[in-house]
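For reference, the structure discussed in these notes is given below.
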Amino acid sequence: MSSPLPIRPAVAVLGMVLVASAALPAAARSSESPGPTAAALPAVTPAAEAPTLYDDEAGGNADADDPAIWRDTADPGRSLVIATAKEGGLRVYDLDARPVQSIAAPPPGRPGDAPGRFNNVDLVHGLRLPAGRADVAVTTDRGHDRLRFHRIDRQRAGGPLTDITDPAAPPVFSRDQAEINGQRTAYGLATWTDRAGRSYALVSRRASTEVALLELRPTAAGKVTYRTVRTLRLPASFRLPDGTSWTPCGEPGEAPQVEGMVVDPANGMLYAGQEDVGIWRVRADLTGTPRLVDKVREFGVPAAYDEAAGECVAGADPGFGGKRLSADVEGLTLLTEPGGDGYLLASSQGDDTFALYDREVGDGNEYEGGFRVTAASAALDGSEESDGAAVLNAPLGAKYPNGLLVVQDGHDTPGDGDREATGFKFVDLGAVMKRAGR
């Protein structure tokens with residue numbers, strides 16, 4: 001194992017323009033043979049699915065996004081999946097994908113302000129609180145530009161989650177309410193506890209390349225707040241091998257944002273998915289130089305934003321992109337194995353697949369294969385345009401003795417007419433590893 005990463009007191013911001021191919025391991029450059037097509041990848045089927053969420057007034061504006069898996073060490077069969085539903089708040093499910101608890105997102109502070117919107121969720125195990133250690137679910141509230149904290153207690157009569165957010169917790173990025181209402185706010189999330197026992201959240205900013213490192217700080221009243229340690233800006237434009245400069249296309253004024261993130265606790269490395277670019281690796285304390293582990297296929301493709309259509313219109317592909325990920329790259333999660341082995345798993349949203357990369361930095365996080373989550377039956381569909389994902393390689397009772405993978409489904413079917421329907425699929429991790437040849 002590497003030595004602990006120091007946390008420096010000053011806030012540092014890093015901006016850069018990189019030659020993209022120079023930061024990639026040789027195995028991930030565009031000179032290699034074509035990557036696998038989606039149809040060529042092995043398929044696994046879900047064992048269960050959570051109830052469909054509908055993003056309309058009748059459905060409470062609920063839109064499935066990101067899951068986390070909490071293991072009940074005393075009774076693994078009673079473990080939980082905690083998932084975000086954006087304006088629909090938080091949903092808690094048991095291992096049969098049945099709802100256990102629903103928590104509403106906070107309302108707007110004033111008429112006309114943005115409502116609460118829970119985007120991503122992660123867990124902190126054994127957070128130090130005045131009353132003792134506790135497992136805590138951490139959520140980005142994009143609507144209010146804040147983190148929210150919920151203590152997990154499986155035996156609590158009113159439901160396993162209790163809000164312990166400090167009411168005085170500050171905005172993560174915004175200076176005032178007007179800026180919060182513009183929604184360039186807390187977005188993606190990964191938690192991390194260093195070897196000294198200090199817990200942190202790494203938070204990305206919507207429509208920006210900025211990532212912030214926040215130290216989590218319990219209060220004397222038993223609540224949780226945070227302070228910013230430093231921030232990092234990933235590149236917004238790139239020098240291509242032919243000498244030209246490329247900037248990913250987006251709405252005017254919006255930079256290529258990061259959402260999916262995960263920290264490898266063994267070496268303190270953060271993996272961050274810049275949606276239209278690829279997967280970055282950087283120290284979790286946000287020092288050092290980020291390296292691009294893999295690129296999306298669309299990397300380097302010129303495109304212009306069409307205001308009337310509300311979308312980007314792409315030109316000819318110059319061939320500088322990657323071979324395994326189709327934008328957006330989403331849902332980064334870490335599959336750990338004994339002895340430091342394991343995989344970084346990423347959702348390739350553009351072609352409905354999932355990619356596996358070697359966890360070992362010394363091996364360049366090389367690509368190890370991929371898979372799809374397809375329909376088990378007419379009533380139990382697969383996962384399309386998956387956003388968030390979470391994996392836990394540990395026994396979870398009789399239901400999932402080999403662990404669990406939970407993935408968001410961006411198009412839950414059968415739907416209900418024209419209503420926007422999303423959900424979460426529960427997949428036996430043993431089946432994933434068997435089909436993926438691991």
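Following the order of the structure tokens, chains are lettered A, B, ..., residues in each are numbered from 1, and ligands are numbered from 1.
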
Go through region 144-255 of chain A residue by residue and, counting only C-alpha atoms, keep those with an atom at most 7 Å from region 272-290 of chain A; for each kept residue give the shortest atom pair and its distance in Å to one decimal, ordered by chain and increasing number, as CSV.
```
residue,atom,partner,partner_atom,distance
A:Leu213,CA,A:Asp285,CA,6.9
A:Leu232,CA,A:Leu286,CA,6.3
A:Pro248,CA,A:Asp276,CA,6.5
```

Q.
Neighbouring residues of region 67-71 of chain A were defined as those with any atom within 9 Å, considering only C-alpha atoms; residues of the same chain fewer than 5 positions away were excluded. Please report them as a PyMOL selection string.
A. chain A and resi 76-84+120-123+135+137+152+388-392+394-396+404-408+424

Q | Distance query Pro414 (chain A) at most 9 Å, only C-alpha atoms, self and fewer than 4 positions along chain excluded, as a ChimeraX atom specification | A | /A:378-381,421

Any chance you can output those residues with C-alpha atoms as a PDB file, in the first residue's frame?
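Final file, selection17.pdb:
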```pdb
ATOM      1  CA  ALA A 378     -41.404  -8.959 -20.492  1.00  0.00           C
ATOM      2  CA  ALA A 379     -42.127  -7.623 -17.010  1.00  0.00           C
ATOM      3  CA  LEU A 380     -38.504  -7.292 -15.821  1.00  0.00           C
ATOM      4  CA  ASP A 381     -36.532  -5.240 -18.340  1.00  0.00           C
ATOM      5  CA  ALA A 421     -40.172   6.333 -16.301  1.00  0.00           C
TER       6      ALA A 421
END
```

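Excluding Lys399 (chain A) itself and any same-chain residue fewer than 6 positions from it, the protein and nucleic acid residues within 12 Å of it, counting only C-alpha atoms, are Ala47, Ala48, Pro76, Gly77, Arg78, Ser79, Asp94, Leu95, Asp96, Ala97, Phe426, Val427, Asp428, Leu429 and Gly430 of chain A.
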
Those residues you just picked out, can you put them in a file as a compact mmCIF listing (two decimals), in the first residue's frame with C-alpha atoms?
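Result file follows (result-v6.txt):
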```
# COMPACT_ATOMS: atom_id res chain seq x y z
CA ALA A 47 -32.99 -10.46 -10.29
CA ALA A 48 -35.33 -7.70 -9.14
CA PRO A 76 -26.52 -9.05 5.91
CA GLY A 77 -29.88 -10.22 4.59
CA ARG A 78 -31.39 -7.01 5.98
CA SER A 79 -29.02 -4.75 4.05
CA ASP A 94 -34.64 -3.80 0.95
CA LEU A 95 -32.87 -6.57 -0.97
CA ASP A 96 -36.14 -7.59 -2.60
CA ALA A 97 -36.23 -4.05 -4.09
CA PHE A 426 -30.77 -5.35 -8.75
CA VAL A 427 -28.29 -7.79 -10.34
CA ASP A 428 -26.60 -10.79 -8.73
CA LEU A 429 -22.89 -9.94 -8.72
CA GLY A 430 -21.98 -13.61 -8.99
```

For the alpha helix (DSSP H) assignment from backbone DSSP, which residues of region 80-191 of chain A qualify? Please present them as a PDB file with N, CA and C atoms, in the first residue's frame.
```pdb
ATOM      1  N   GLN A 177     -28.114  33.102  -3.083  1.00  0.00           N
ATOM      2  CA  GLN A 177     -29.272  32.344  -3.547  1.00  0.00           C
ATOM      3  C   GLN A 177     -29.490  32.505  -5.047  1.00  0.00           C
ATOM      4  N   ALA A 178     -29.200  33.670  -5.580  1.00  0.00           N
ATOM      5  CA  ALA A 178     -29.365  33.875  -7.022  1.00  0.00           C
ATOM      6  C   ALA A 178     -28.471  32.911  -7.803  1.00  0.00           C
ATOM      7  N   GLU A 179     -27.247  32.706  -7.310  1.00  0.00           N
ATOM      8  CA  GLU A 179     -26.341  31.785  -7.985  1.00  0.00           C
ATOM      9  C   GLU A 179     -26.819  30.344  -7.805  1.00  0.00           C
ATOM     10  N   ILE A 180     -27.356  30.037  -6.627  1.00  0.00           N
ATOM     11  CA  ILE A 180     -27.922  28.703  -6.413  1.00  0.00           C
ATOM     12  C   ILE A 180     -29.053  28.453  -7.400  1.00  0.00           C
ATOM     13  N   ASN A 181     -29.915  29.433  -7.598  1.00  0.00           N
ATOM     14  CA  ASN A 181     -31.042  29.259  -8.514  1.00  0.00           C
ATOM     15  C   ASN A 181     -30.596  29.038  -9.950  1.00  0.00           C
TER      16      ASN A 181
END
```

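One finds CA of Asn61 (chain A) at 19.2 Å from CA of Val100 (chain A).
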
(Q) I'd like the contact shell of region 57-59 of chain A - 10 Å cut-off, only C-alpha atoms, skipping same-chain residues fewer than 3 positions apart - returned as a PyMOL selection string. (A) chain A and resi 52-54+62-63+88+419-421

Taking only C-alpha atoms into account, produce a table as JSON lines in which each residue of region 18-121 of chain A with an atom at most 9 Å from an atom of region 156-176 of chain A appears once, together with its shortest atom pair and the distance in Å to one decimal, ordered by chain and rising number.
```
{"residue": "A:Val92", "atom": "CA", "partner": "A:Pro160", "partner_atom": "CA", "distance": 8.4}
{"residue": "A:Val100", "atom": "CA", "partner": "A:Gly159", "partner_atom": "CA", "distance": 7.1}
{"residue": "A:Gln101", "atom": "CA", "partner": "A:Gly159", "partner_atom": "CA", "distance": 5.9}
{"residue": "A:Ser102", "atom": "CA", "partner": "A:Gly159", "partner_atom": "CA", "distance": 8.8}
{"residue": "A:Ile103", "atom": "CA", "partner": "A:Leu161", "partner_atom": "CA", "distance": 8.4}
```
